[in-house]
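Single-structure report; data block below.
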Amino acid sequence: MNTSSALKQPRRVERLVTGQPTTDGAGVKLTRVLTQDLQQRLDPFLMLDNFASDDPKDYGAGFPNHPHRGFETVTYMIDGRMRHRDSAGHEGLLQSGGVQWMTAGRGLVHSEMPEQEAGRMEGFQLWLNLPGRDKMCPPWYRDIQSTEIPQFTTDEGVFGRVIAGHSHGVTGAVQREHTDPLYLDLHFPPGQAQFRQPLPANHNAFLYVYRGQVDVLDALGNPTAVPLHCMALLGNEGDGVVLRPSARSTAPARALLIAGKPLREPIAQYGPFVMNTREQLVEAVEDFQNGRLG
Ligand code: CO
């Protein structure tokens, strides 16, 4: 028997969240989906940004040199090309369907700049926290090309890309011991195909819909609709989640399903630095100002 079809008590939607329009970097327009006030509830995740525009004026300025310390950034490109360079001498080109997984650790300075002057730029940046004991680890990063991301198609025709974690017998591109993240990009076929994903009860989880509309189904099959560009926080009661495109979805639905094991440590953030205490933040700022981040 396929264990993923044996969910007894699917999780329900605890809350729907509409992202906040904002700008970051040198003026890139984006939607901040996971905001600072949700960091405790969605521990170990600190932020999720969605950028999506056909207009180079919205993205052309990019993200010139800036520092990070104390967490990981996971950039997933749906459409477009972005070049990154960092103070450790690493450089890479992130292209449609690819992922850059960067562990900032004790810190680096990097830039993330569009390598296109026209066309569509669409993607996501997720911030994943590090446990206190790893916050000062050496920086690390990996460019994962689109073809290197493990994929599956369910019997019902749902296509999944496994950026992190495990799903439907497929091991994702990246695994992390302490936060055990699951990061799926799900593409639903036209129609009403269901998708089931077991989730450990103590892992915090959310869904973000970026095409069409998706229903979260309860044990009786009752739907809660998650509209386009909305995030659904999933309650922790239950053994997994059951998803299905909404009948009124006008486009083939696509969504990110993200879950992870909470660190349950104090979170202290000052801009691009996320540590456990205020003293560590002061140290991070001083290290940056004195050129010790690279
Ligand atoms: Co950055």
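Following the order of the structure tokens, first chain is A, next is B, and so on, with residues numbered from 1 inside each chain and ligands from 1 in the order they appear.
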
As a quick test: using only C-alpha atoms and all ligand atoms, which residues lie no more than 7 Å away from ligand 1? Give them as an MDAnalysis selection string.
chainID A and resid 66:68 110:112

Written selection (N, CA and C atoms) as a CSV table (one decimal), in the first residue's frame:
chain,number,residue,atom,x,y,z
A,66,HIS,N,25.4,42.9,-0.6
A,66,HIS,CA,24.8,43.0,0.7
A,66,HIS,C,25.2,41.7,1.5
A,67,PRO,N,25.2,41.9,2.8
A,67,PRO,CA,25.7,40.8,3.6
A,67,PRO,C,24.6,39.8,4.1
A,68,HIS,N,25.0,38.7,4.6
A,68,HIS,CA,24.0,37.8,5.3
A,68,HIS,C,24.9,37.1,6.4
A,110,HIS,N,27.3,39.3,-0.8
A,110,HIS,CA,27.1,38.8,-2.2
A,110,HIS,C,26.2,39.7,-2.9
A,111,SER,N,26.1,39.5,-4.3
A,111,SER,CA,25.2,40.2,-5.1
A,111,SER,C,24.4,39.2,-5.9
A,112,GLU,N,23.1,39.6,-6.2
A,112,GLU,CA,22.2,38.8,-7.0
A,112,GLU,C,21.6,39.7,-8.0

Could you list, as a ChimeraX atom specification, every residue within 12 Å of Tyr59 of chain A, counting only C-alpha atoms and ignoring same-chain residues fewer than 4 positions away?
/A:23-30,50-55,63-64,80-82,112-123

Would you output that residue set with N, CA and C atoms, as a PDB file, in the first residue's frame?
ATOM      1  N   THR A  23       9.559  46.556  -1.715  1.00  0.00           N
ATOM      2  CA  THR A  23      10.734  46.532  -2.586  1.00  0.00           C
ATOM      3  C   THR A  23      11.934  46.153  -1.738  1.00  0.00           C
ATOM      4  N   ASP A  24      12.927  45.540  -2.389  1.00  0.00           N
ATOM      5  CA  ASP A  24      14.150  45.171  -1.677  1.00  0.00           C
ATOM      6  C   ASP A  24      15.308  45.309  -2.659  1.00  0.00           C
ATOM      7  N   GLY A  25      16.515  45.092  -2.173  1.00  0.00           N
ATOM      8  CA  GLY A  25      17.687  45.277  -3.028  1.00  0.00           C
ATOM      9  C   GLY A  25      17.757  46.726  -3.472  1.00  0.00           C
ATOM     10  N   ALA A  26      18.021  46.943  -4.770  1.00  0.00           N
ATOM     11  CA  ALA A  26      18.121  48.308  -5.298  1.00  0.00           C
ATOM     12  C   ALA A  26      16.781  48.772  -5.873  1.00  0.00           C
ATOM     13  N   GLY A  27      15.686  48.181  -5.388  1.00  0.00           N
ATOM     14  CA  GLY A  27      14.366  48.613  -5.824  1.00  0.00           C
ATOM     15  C   GLY A  27      13.599  47.541  -6.583  1.00  0.00           C
ATOM     16  N   VAL A  28      13.889  46.277  -6.309  1.00  0.00           N
ATOM     17  CA  VAL A  28      13.155  45.188  -6.948  1.00  0.00           C
ATOM     18  C   VAL A  28      11.775  45.070  -6.294  1.00  0.00           C
ATOM     19  N   LYS A  29      10.743  45.086  -7.145  1.00  0.00           N
ATOM     20  CA  LYS A  29       9.379  44.937  -6.636  1.00  0.00           C
ATOM     21  C   LYS A  29       9.120  43.470  -6.339  1.00  0.00           C
ATOM     22  N   LEU A  30       8.608  43.192  -5.170  1.00  0.00           N
ATOM     23  CA  LEU A  30       8.307  41.804  -4.822  1.00  0.00           C
ATOM     24  C   LEU A  30       7.180  41.750  -3.798  1.00  0.00           C
ATOM     25  N   ASN A  50       8.267  36.462  -3.121  1.00  0.00           N
ATOM     26  CA  ASN A  50       7.895  36.054  -4.478  1.00  0.00           C
ATOM     27  C   ASN A  50       8.085  37.270  -5.378  1.00  0.00           C
ATOM     28  N   PHE A  51       8.967  37.116  -6.376  1.00  0.00           N
ATOM     29  CA  PHE A  51       9.110  38.187  -7.379  1.00  0.00           C
ATOM     30  C   PHE A  51       8.556  37.654  -8.686  1.00  0.00           C
ATOM     31  N   ALA A  52       7.809  38.480  -9.389  1.00  0.00           N
ATOM     32  CA  ALA A  52       7.187  38.050 -10.646  1.00  0.00           C
ATOM     33  C   ALA A  52       6.811  39.292 -11.434  1.00  0.00           C
ATOM     34  N   SER A  53       7.502  39.512 -12.558  1.00  0.00           N
ATOM     35  CA  SER A  53       7.185  40.670 -13.382  1.00  0.00           C
ATOM     36  C   SER A  53       7.689  40.468 -14.809  1.00  0.00           C
ATOM     37  N   ASP A  54       6.923  41.031 -15.763  1.00  0.00           N
ATOM     38  CA  ASP A  54       7.357  41.057 -17.166  1.00  0.00           C
ATOM     39  C   ASP A  54       8.075  42.360 -17.487  1.00  0.00           C
ATOM     40  N   ASP A  55       8.140  43.268 -16.506  1.00  0.00           N
ATOM     41  CA  ASP A  55       8.661  44.612 -16.748  1.00  0.00           C
ATOM     42  C   ASP A  55      10.049  44.766 -16.115  1.00  0.00           C
ATOM     43  N   PHE A  63      19.907  42.996  -6.812  1.00  0.00           N
ATOM     44  CA  PHE A  63      20.311  43.036  -5.406  1.00  0.00           C
ATOM     45  C   PHE A  63      21.830  43.179  -5.357  1.00  0.00           C
ATOM     46  N   PRO A  64      22.332  44.444  -5.423  1.00  0.00           N
ATOM     47  CA  PRO A  64      23.791  44.641  -5.366  1.00  0.00           C
ATOM     48  C   PRO A  64      24.354  44.175  -4.017  1.00  0.00           C
ATOM     49  N   GLY A  80      13.656  33.098 -15.777  1.00  0.00           N
ATOM     50  CA  GLY A  80      14.602  34.204 -15.772  1.00  0.00           C
ATOM     51  C   GLY A  80      16.027  33.740 -15.520  1.00  0.00           C
ATOM     52  N   ARG A  81      16.934  34.725 -15.477  1.00  0.00           N
ATOM     53  CA  ARG A  81      18.359  34.453 -15.267  1.00  0.00           C
ATOM     54  C   ARG A  81      18.923  35.471 -14.288  1.00  0.00           C
ATOM     55  N   MET A  82      19.623  34.971 -13.275  1.00  0.00           N
ATOM     56  CA  MET A  82      20.196  35.840 -12.248  1.00  0.00           C
ATOM     57  C   MET A  82      21.616  35.362 -11.952  1.00  0.00           C
ATOM     58  N   GLU A 112      23.122  39.607  -6.196  1.00  0.00           N
ATOM     59  CA  GLU A 112      22.221  38.779  -6.982  1.00  0.00           C
ATOM     60  C   GLU A 112      21.624  39.706  -8.044  1.00  0.00           C
ATOM     61  N   MET A 113      22.140  39.578  -9.285  1.00  0.00           N
ATOM     62  CA  MET A 113      21.775  40.551 -10.327  1.00  0.00           C
ATOM     63  C   MET A 113      21.138  39.872 -11.539  1.00  0.00           C
ATOM     64  N   PRO A 114      20.012  40.421 -12.011  1.00  0.00           N
ATOM     65  CA  PRO A 114      19.373  39.865 -13.215  1.00  0.00           C
ATOM     66  C   PRO A 114      20.343  39.880 -14.386  1.00  0.00           C
ATOM     67  N   GLU A 115      20.354  38.792 -15.160  1.00  0.00           N
ATOM     68  CA  GLU A 115      21.180  38.773 -16.355  1.00  0.00           C
ATOM     69  C   GLU A 115      20.265  38.751 -17.573  1.00  0.00           C
ATOM     70  N   GLN A 116      19.357  39.686 -17.598  1.00  0.00           N
ATOM     71  CA  GLN A 116      18.440  39.838 -18.726  1.00  0.00           C
ATOM     72  C   GLN A 116      17.924  41.263 -18.671  1.00  0.00           C
ATOM     73  N   GLU A 117      17.650  41.828 -19.857  1.00  0.00           N
ATOM     74  CA  GLU A 117      17.166  43.203 -19.915  1.00  0.00           C
ATOM     75  C   GLU A 117      15.722  43.263 -20.359  1.00  0.00           C
ATOM     76  N   ALA A 118      15.154  42.094 -20.648  1.00  0.00           N
ATOM     77  CA  ALA A 118      13.744  42.029 -21.061  1.00  0.00           C
ATOM     78  C   ALA A 118      13.197  40.665 -20.672  1.00  0.00           C
ATOM     79  N   GLY A 119      11.891  40.531 -20.805  1.00  0.00           N
ATOM     80  CA  GLY A 119      11.284  39.228 -20.543  1.00  0.00           C
ATOM     81  C   GLY A 119      10.855  39.060 -19.103  1.00  0.00           C
ATOM     82  N   ARG A 120      10.397  37.875 -18.799  1.00  0.00           N
ATOM     83  CA  ARG A 120       9.804  37.620 -17.496  1.00  0.00           C
ATOM     84  C   ARG A 120      10.851  37.173 -16.480  1.00  0.00           C
ATOM     85  N   MET A 121      10.708  37.681 -15.277  1.00  0.00           N
ATOM     86  CA  MET A 121      11.531  37.260 -14.139  1.00  0.00           C
ATOM     87  C   MET A 121      10.565  36.826 -13.049  1.00  0.00           C
ATOM     88  N   GLU A 122      10.638  35.557 -12.676  1.00  0.00           N
ATOM     89  CA  GLU A 122       9.717  35.049 -11.656  1.00  0.00           C
ATOM     90  C   GLU A 122      10.444  34.031 -10.798  1.00  0.00           C
ATOM     91  N   GLY A 123      10.258  34.140  -9.503  1.00  0.00           N
ATOM     92  CA  GLY A 123      10.881  33.153  -8.628  1.00  0.00           C
ATOM     93  C   GLY A 123      10.607  33.452  -7.168  1.00  0.00           C
TER      94      GLY A 123
END

Which residues are close to Leu257 of chain A, i.e. within 10 Å by only C-alpha atoms, leaving aside same-chain residues fewer than 2 positions away? Reply as number ranges by chain.
A: 162, 182-186, 197, 205-209, 231-232, 241, 243, 254-255, 259

Requested write-out: all heavy atoms of the selected residues, as a short mmCIF file (atom, residue, chain, number, x, y, z; two decimals), in the first residue's frame:
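Output below, filename selection20.cif:
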data_model
loop_
_atom_site.label_atom_id
_atom_site.label_comp_id
_atom_site.auth_asym_id
_atom_site.auth_seq_id
_atom_site.Cartn_x
_atom_site.Cartn_y
_atom_site.Cartn_z
N VAL A 162 11.27 18.02 -6.26
CA VAL A 162 11.65 17.89 -4.85
C VAL A 162 12.95 18.65 -4.63
O VAL A 162 14.04 18.13 -4.87
CB VAL A 162 11.79 16.41 -4.43
CG1 VAL A 162 11.93 16.32 -2.91
CG2 VAL A 162 10.61 15.58 -4.92
N LEU A 182 11.18 20.20 3.92
CA LEU A 182 10.53 19.67 2.71
C LEU A 182 10.19 20.88 1.85
O LEU A 182 9.60 21.85 2.32
CB LEU A 182 9.23 18.94 3.09
CG LEU A 182 8.38 18.46 1.90
CD1 LEU A 182 9.02 17.24 1.22
CD2 LEU A 182 6.96 18.10 2.36
N TYR A 183 10.62 20.85 0.57
CA TYR A 183 10.33 21.97 -0.33
C TYR A 183 9.91 21.35 -1.65
O TYR A 183 10.74 20.82 -2.39
CB TYR A 183 11.59 22.84 -0.48
CG TYR A 183 11.41 24.17 -1.20
CD1 TYR A 183 12.31 25.21 -0.99
CD2 TYR A 183 10.36 24.40 -2.09
CE1 TYR A 183 12.18 26.43 -1.65
CE2 TYR A 183 10.21 25.61 -2.75
CZ TYR A 183 11.13 26.62 -2.53
OH TYR A 183 10.99 27.83 -3.18
N LEU A 184 8.61 21.40 -1.93
CA LEU A 184 8.05 20.81 -3.15
C LEU A 184 7.45 21.89 -4.03
O LEU A 184 6.80 22.81 -3.53
CB LEU A 184 6.93 19.80 -2.82
CG LEU A 184 7.25 18.62 -1.91
CD1 LEU A 184 6.01 17.76 -1.73
CD2 LEU A 184 8.40 17.81 -2.48
N ASP A 185 7.67 21.76 -5.34
CA ASP A 185 6.95 22.58 -6.32
C ASP A 185 6.00 21.62 -7.03
O ASP A 185 6.45 20.68 -7.70
CB ASP A 185 7.94 23.20 -7.30
CG ASP A 185 7.24 24.02 -8.39
OD1 ASP A 185 6.04 24.33 -8.23
OD2 ASP A 185 7.90 24.35 -9.40
N LEU A 186 4.70 21.83 -6.83
CA LEU A 186 3.68 20.90 -7.34
C LEU A 186 2.95 21.51 -8.53
O LEU A 186 2.48 22.66 -8.47
CB LEU A 186 2.66 20.59 -6.23
CG LEU A 186 3.26 19.95 -4.97
CD1 LEU A 186 2.20 19.87 -3.88
CD2 LEU A 186 3.83 18.57 -5.29
N GLN A 197 0.38 14.32 0.90
CA GLN A 197 1.76 14.36 1.41
C GLN A 197 1.74 14.17 2.93
O GLN A 197 1.20 15.01 3.64
CB GLN A 197 2.41 15.71 1.06
CG GLN A 197 3.82 15.88 1.62
CD GLN A 197 4.81 14.89 1.03
OE1 GLN A 197 4.85 14.69 -0.18
NE2 GLN A 197 5.61 14.24 1.88
N ALA A 205 4.19 23.87 8.60
CA ALA A 205 4.01 23.70 7.15
C ALA A 205 3.13 24.79 6.58
O ALA A 205 2.23 25.30 7.25
CB ALA A 205 3.39 22.33 6.85
N PHE A 206 3.40 25.14 5.31
CA PHE A 206 2.54 26.09 4.61
C PHE A 206 2.54 25.81 3.12
O PHE A 206 3.40 25.10 2.59
CB PHE A 206 2.95 27.54 4.90
CG PHE A 206 4.33 27.92 4.44
CD1 PHE A 206 4.53 28.53 3.21
CD2 PHE A 206 5.44 27.71 5.26
CE1 PHE A 206 5.81 28.90 2.78
CE2 PHE A 206 6.71 28.08 4.83
CZ PHE A 206 6.89 28.68 3.59
N LEU A 207 1.52 26.36 2.47
CA LEU A 207 1.31 26.19 1.04
C LEU A 207 1.30 27.59 0.43
O LEU A 207 0.74 28.51 1.02
CB LEU A 207 -0.05 25.53 0.85
CG LEU A 207 -0.49 25.19 -0.57
CD1 LEU A 207 0.26 23.95 -1.04
CD2 LEU A 207 -2.00 24.91 -0.59
N TYR A 208 1.91 27.77 -0.74
CA TYR A 208 1.81 29.04 -1.45
C TYR A 208 1.40 28.76 -2.89
O TYR A 208 2.08 28.00 -3.61
CB TYR A 208 3.14 29.81 -1.42
CG TYR A 208 3.04 31.14 -2.13
CD1 TYR A 208 2.34 32.19 -1.55
CD2 TYR A 208 3.61 31.34 -3.38
CE1 TYR A 208 2.22 33.42 -2.21
CE2 TYR A 208 3.49 32.56 -4.05
CZ TYR A 208 2.80 33.59 -3.45
OH TYR A 208 2.66 34.79 -4.10
N VAL A 209 0.28 29.32 -3.31
CA VAL A 209 -0.27 29.06 -4.65
C VAL A 209 0.22 30.14 -5.62
O VAL A 209 0.03 31.33 -5.37
CB VAL A 209 -1.81 29.04 -4.60
CG1 VAL A 209 -2.39 28.85 -6.00
CG2 VAL A 209 -2.29 27.93 -3.67
N MET A 231 -0.88 32.47 0.82
CA MET A 231 -0.22 31.44 1.61
C MET A 231 -1.23 30.87 2.59
O MET A 231 -1.96 31.63 3.23
CB MET A 231 0.97 32.03 2.37
CG MET A 231 1.60 31.06 3.35
SD MET A 231 3.14 31.67 4.06
CE MET A 231 2.56 32.95 5.12
N ALA A 232 -1.27 29.55 2.71
CA ALA A 232 -2.10 28.90 3.73
C ALA A 232 -1.19 28.32 4.79
O ALA A 232 -0.35 27.46 4.49
CB ALA A 232 -2.95 27.80 3.10
N VAL A 241 -1.20 16.33 4.44
CA VAL A 241 -2.06 17.31 3.77
C VAL A 241 -2.58 16.71 2.47
O VAL A 241 -1.89 15.92 1.81
CB VAL A 241 -1.31 18.64 3.54
CG1 VAL A 241 -0.16 18.48 2.57
CG2 VAL A 241 -2.24 19.75 3.07
N LEU A 243 -4.33 17.90 -1.17
CA LEU A 243 -4.53 19.08 -2.02
C LEU A 243 -5.24 18.68 -3.31
O LEU A 243 -5.11 17.54 -3.78
CB LEU A 243 -3.18 19.71 -2.37
CG LEU A 243 -2.26 20.05 -1.19
CD1 LEU A 243 -0.89 20.49 -1.70
CD2 LEU A 243 -2.88 21.13 -0.33
N ARG A 254 -0.52 25.53 -9.66
CA ARG A 254 0.84 25.22 -9.19
C ARG A 254 1.00 25.81 -7.80
O ARG A 254 0.51 26.92 -7.53
CB ARG A 254 1.90 25.84 -10.09
CG ARG A 254 1.98 25.23 -11.46
CD ARG A 254 3.24 25.74 -12.12
NE ARG A 254 3.31 25.36 -13.51
CZ ARG A 254 4.36 25.60 -14.28
NH1 ARG A 254 5.41 26.26 -13.78
NH2 ARG A 254 4.37 25.22 -15.52
N ALA A 255 1.71 25.09 -6.95
CA ALA A 255 1.88 25.57 -5.58
C ALA A 255 3.18 25.05 -5.01
O ALA A 255 3.67 23.98 -5.40
CB ALA A 255 0.71 25.11 -4.72
N ALA A 259 7.66 22.59 4.42
CA ALA A 259 7.51 22.19 5.82
C ALA A 259 8.88 22.00 6.43
O ALA A 259 9.87 21.76 5.72
CB ALA A 259 6.71 20.89 5.91
#

Ala247 of chain A: which residues within 9 Å, counting only C-alpha atoms, same-chain residues fewer than 5 positions away excluded, as a ChimeraX atom specification?
/A:191-192,213-215

Grab the residues selected above and save them as a PDB file, in the first residue's frame with N, CA and C atoms.
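Final output, result29.pdb:
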ATOM      1  N   GLY A 191      -8.111  19.465 -14.254  1.00  0.00           N
ATOM      2  CA  GLY A 191      -9.013  18.494 -13.625  1.00  0.00           C
ATOM      3  C   GLY A 191      -8.885  18.520 -12.118  1.00  0.00           C
ATOM      4  N   GLN A 192      -9.191  17.406 -11.494  1.00  0.00           N
ATOM      5  CA  GLN A 192      -9.356  17.396 -10.039  1.00  0.00           C
ATOM      6  C   GLN A 192      -8.435  16.386  -9.361  1.00  0.00           C
ATOM      7  N   GLN A 213      -5.765  28.060  -8.463  1.00  0.00           N
ATOM      8  CA  GLN A 213      -6.278  28.045  -7.082  1.00  0.00           C
ATOM      9  C   GLN A 213      -6.299  26.600  -6.607  1.00  0.00           C
ATOM     10  N   VAL A 214      -5.981  26.395  -5.336  1.00  0.00           N
ATOM     11  CA  VAL A 214      -5.856  25.032  -4.799  1.00  0.00           C
ATOM     12  C   VAL A 214      -6.737  24.885  -3.568  1.00  0.00           C
ATOM     13  N   ASP A 215      -7.404  23.730  -3.455  1.00  0.00           N
ATOM     14  CA  ASP A 215      -8.180  23.414  -2.252  1.00  0.00           C
ATOM     15  C   ASP A 215      -7.357  22.533  -1.319  1.00  0.00           C
TER      16      ASP A 215
END

DSSP-assigned strand (DSSP E or B) members of segment 45-81 of chain A, reported as a VMD selection string
chain A and resid 45 to 53 63 to 69 71 to 79 81

List the neighbours of segment 289-294 of chain A out to 6 Å using only C-alpha atoms; skip same-chain residues closer than 5 positions along the sequence, and give me the result as a PyMOL selection string.
chain A and resi 87+107-108

Any chance you could list, as a JSON list (two decimals) with C-alpha atoms, in the first residue's frame, the residues in segment 7-220 of chain A that come up helix (DSSP H, G or I) when DSSP is run on the backbone?
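Result saved to selection.json:
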[["chain", "number", "residue", "atom", "x", "y", "z"],
["A", 36, "GLN", "CA", 8.64, 38.74, 10.31],
["A", 37, "ASP", "CA", 5.53, 38.37, 12.48],
["A", 38, "LEU", "CA", 5.15, 34.75, 11.27],
["A", 56, "PRO", "CA", 12.45, 45.05, -16.42],
["A", 57, "LYS", "CA", 11.83, 48.29, -14.47],
["A", 58, "ASP", "CA", 10.51, 46.09, -11.64],
["A", 59, "TYR", "CA", 13.56, 43.83, -11.41],
["A", 132, "GLY", "CA", 22.57, 28.39, 17.07],
["A", 133, "ARG", "CA", 25.54, 26.05, 16.97],
["A", 134, "ASP", "CA", 25.78, 26.31, 13.16],
["A", 146, "SER", "CA", 16.93, 22.52, -13.32],
["A", 147, "THR", "CA", 17.87, 19.08, -14.69],
["A", 148, "GLU", "CA", 19.43, 18.15, -11.33]]

Between A:Phe124, A:Leu256, A:His84, A:Glu91, which one has atoms that come closest to Arg161 of chain A, using only C-alpha atoms?
A:Leu256

Can you tell me, as number ranges by chain, what residues are no more than 12 Å from segment 284-286 of chain A when counting only C-alpha atoms, ignoring any on the same chain fewer than 6 positions away?
A: 66-70, 105-108, 135-136, 268-278, 292-293

Across A:Gln95, A:Thr103, A:Ser167, A:Gln39, the smallest distance to Phe195 of chain A, with only C-alpha atoms counted, is shown by A:Ser167

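Take atom CA of Leu94 of chain A and atom CA of Ala253 of chain A: the distance between them is 24.2 Å.
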
Rounded to one decimal in Å, what is the spacing between atom CA of Val158 of chain A and atom CA of Arg244 of chain A?
9.6 Å

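Take the candidates A:Phe71, A:Phe159, A:Tyr210, A:Phe152 and check each one against Thr179 of chain A using only C-alpha atoms; the shortest distance goes to A:Phe71.
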
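Interatomic distance, atom CA of Arg142 of chain A against atom CA of Gly172 of chain A: 13.7 Å.
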
Set out as a Markdown table a contact list for segment 204-284 of chain A and segment 7-10 of chain A with a cut-off of 9 Å, giving each residue of segment 204-284 of chain A that qualifies its closest atom pair and distance in Å to one decimal, counting only C-alpha atoms, ordered by chain and rising residue number.
| residue | atom | partner | partner_atom | distance |
| --- | --- | --- | --- | --- |
| A:Val216 | CA | A:Pro10 | CA | 8.8 |
| A:Leu217 | CA | A:Pro10 | CA | 7.2 |
| A:Asp218 | CA | A:Pro10 | CA | 5.5 |
| A:Ala219 | CA | A:Gln9 | CA | 5.6 |
| A:Glu237 | CA | A:Gln9 | CA | 7.9 |
| A:Gly238 | CA | A:Gln9 | CA | 4.8 |
| A:Asp239 | CA | A:Gln9 | CA | 5.8 |
| A:Gly240 | CA | A:Pro10 | CA | 5.1 |
| A:Val241 | CA | A:Pro10 | CA | 4.9 |
| A:Val242 | CA | A:Pro10 | CA | 6.2 |
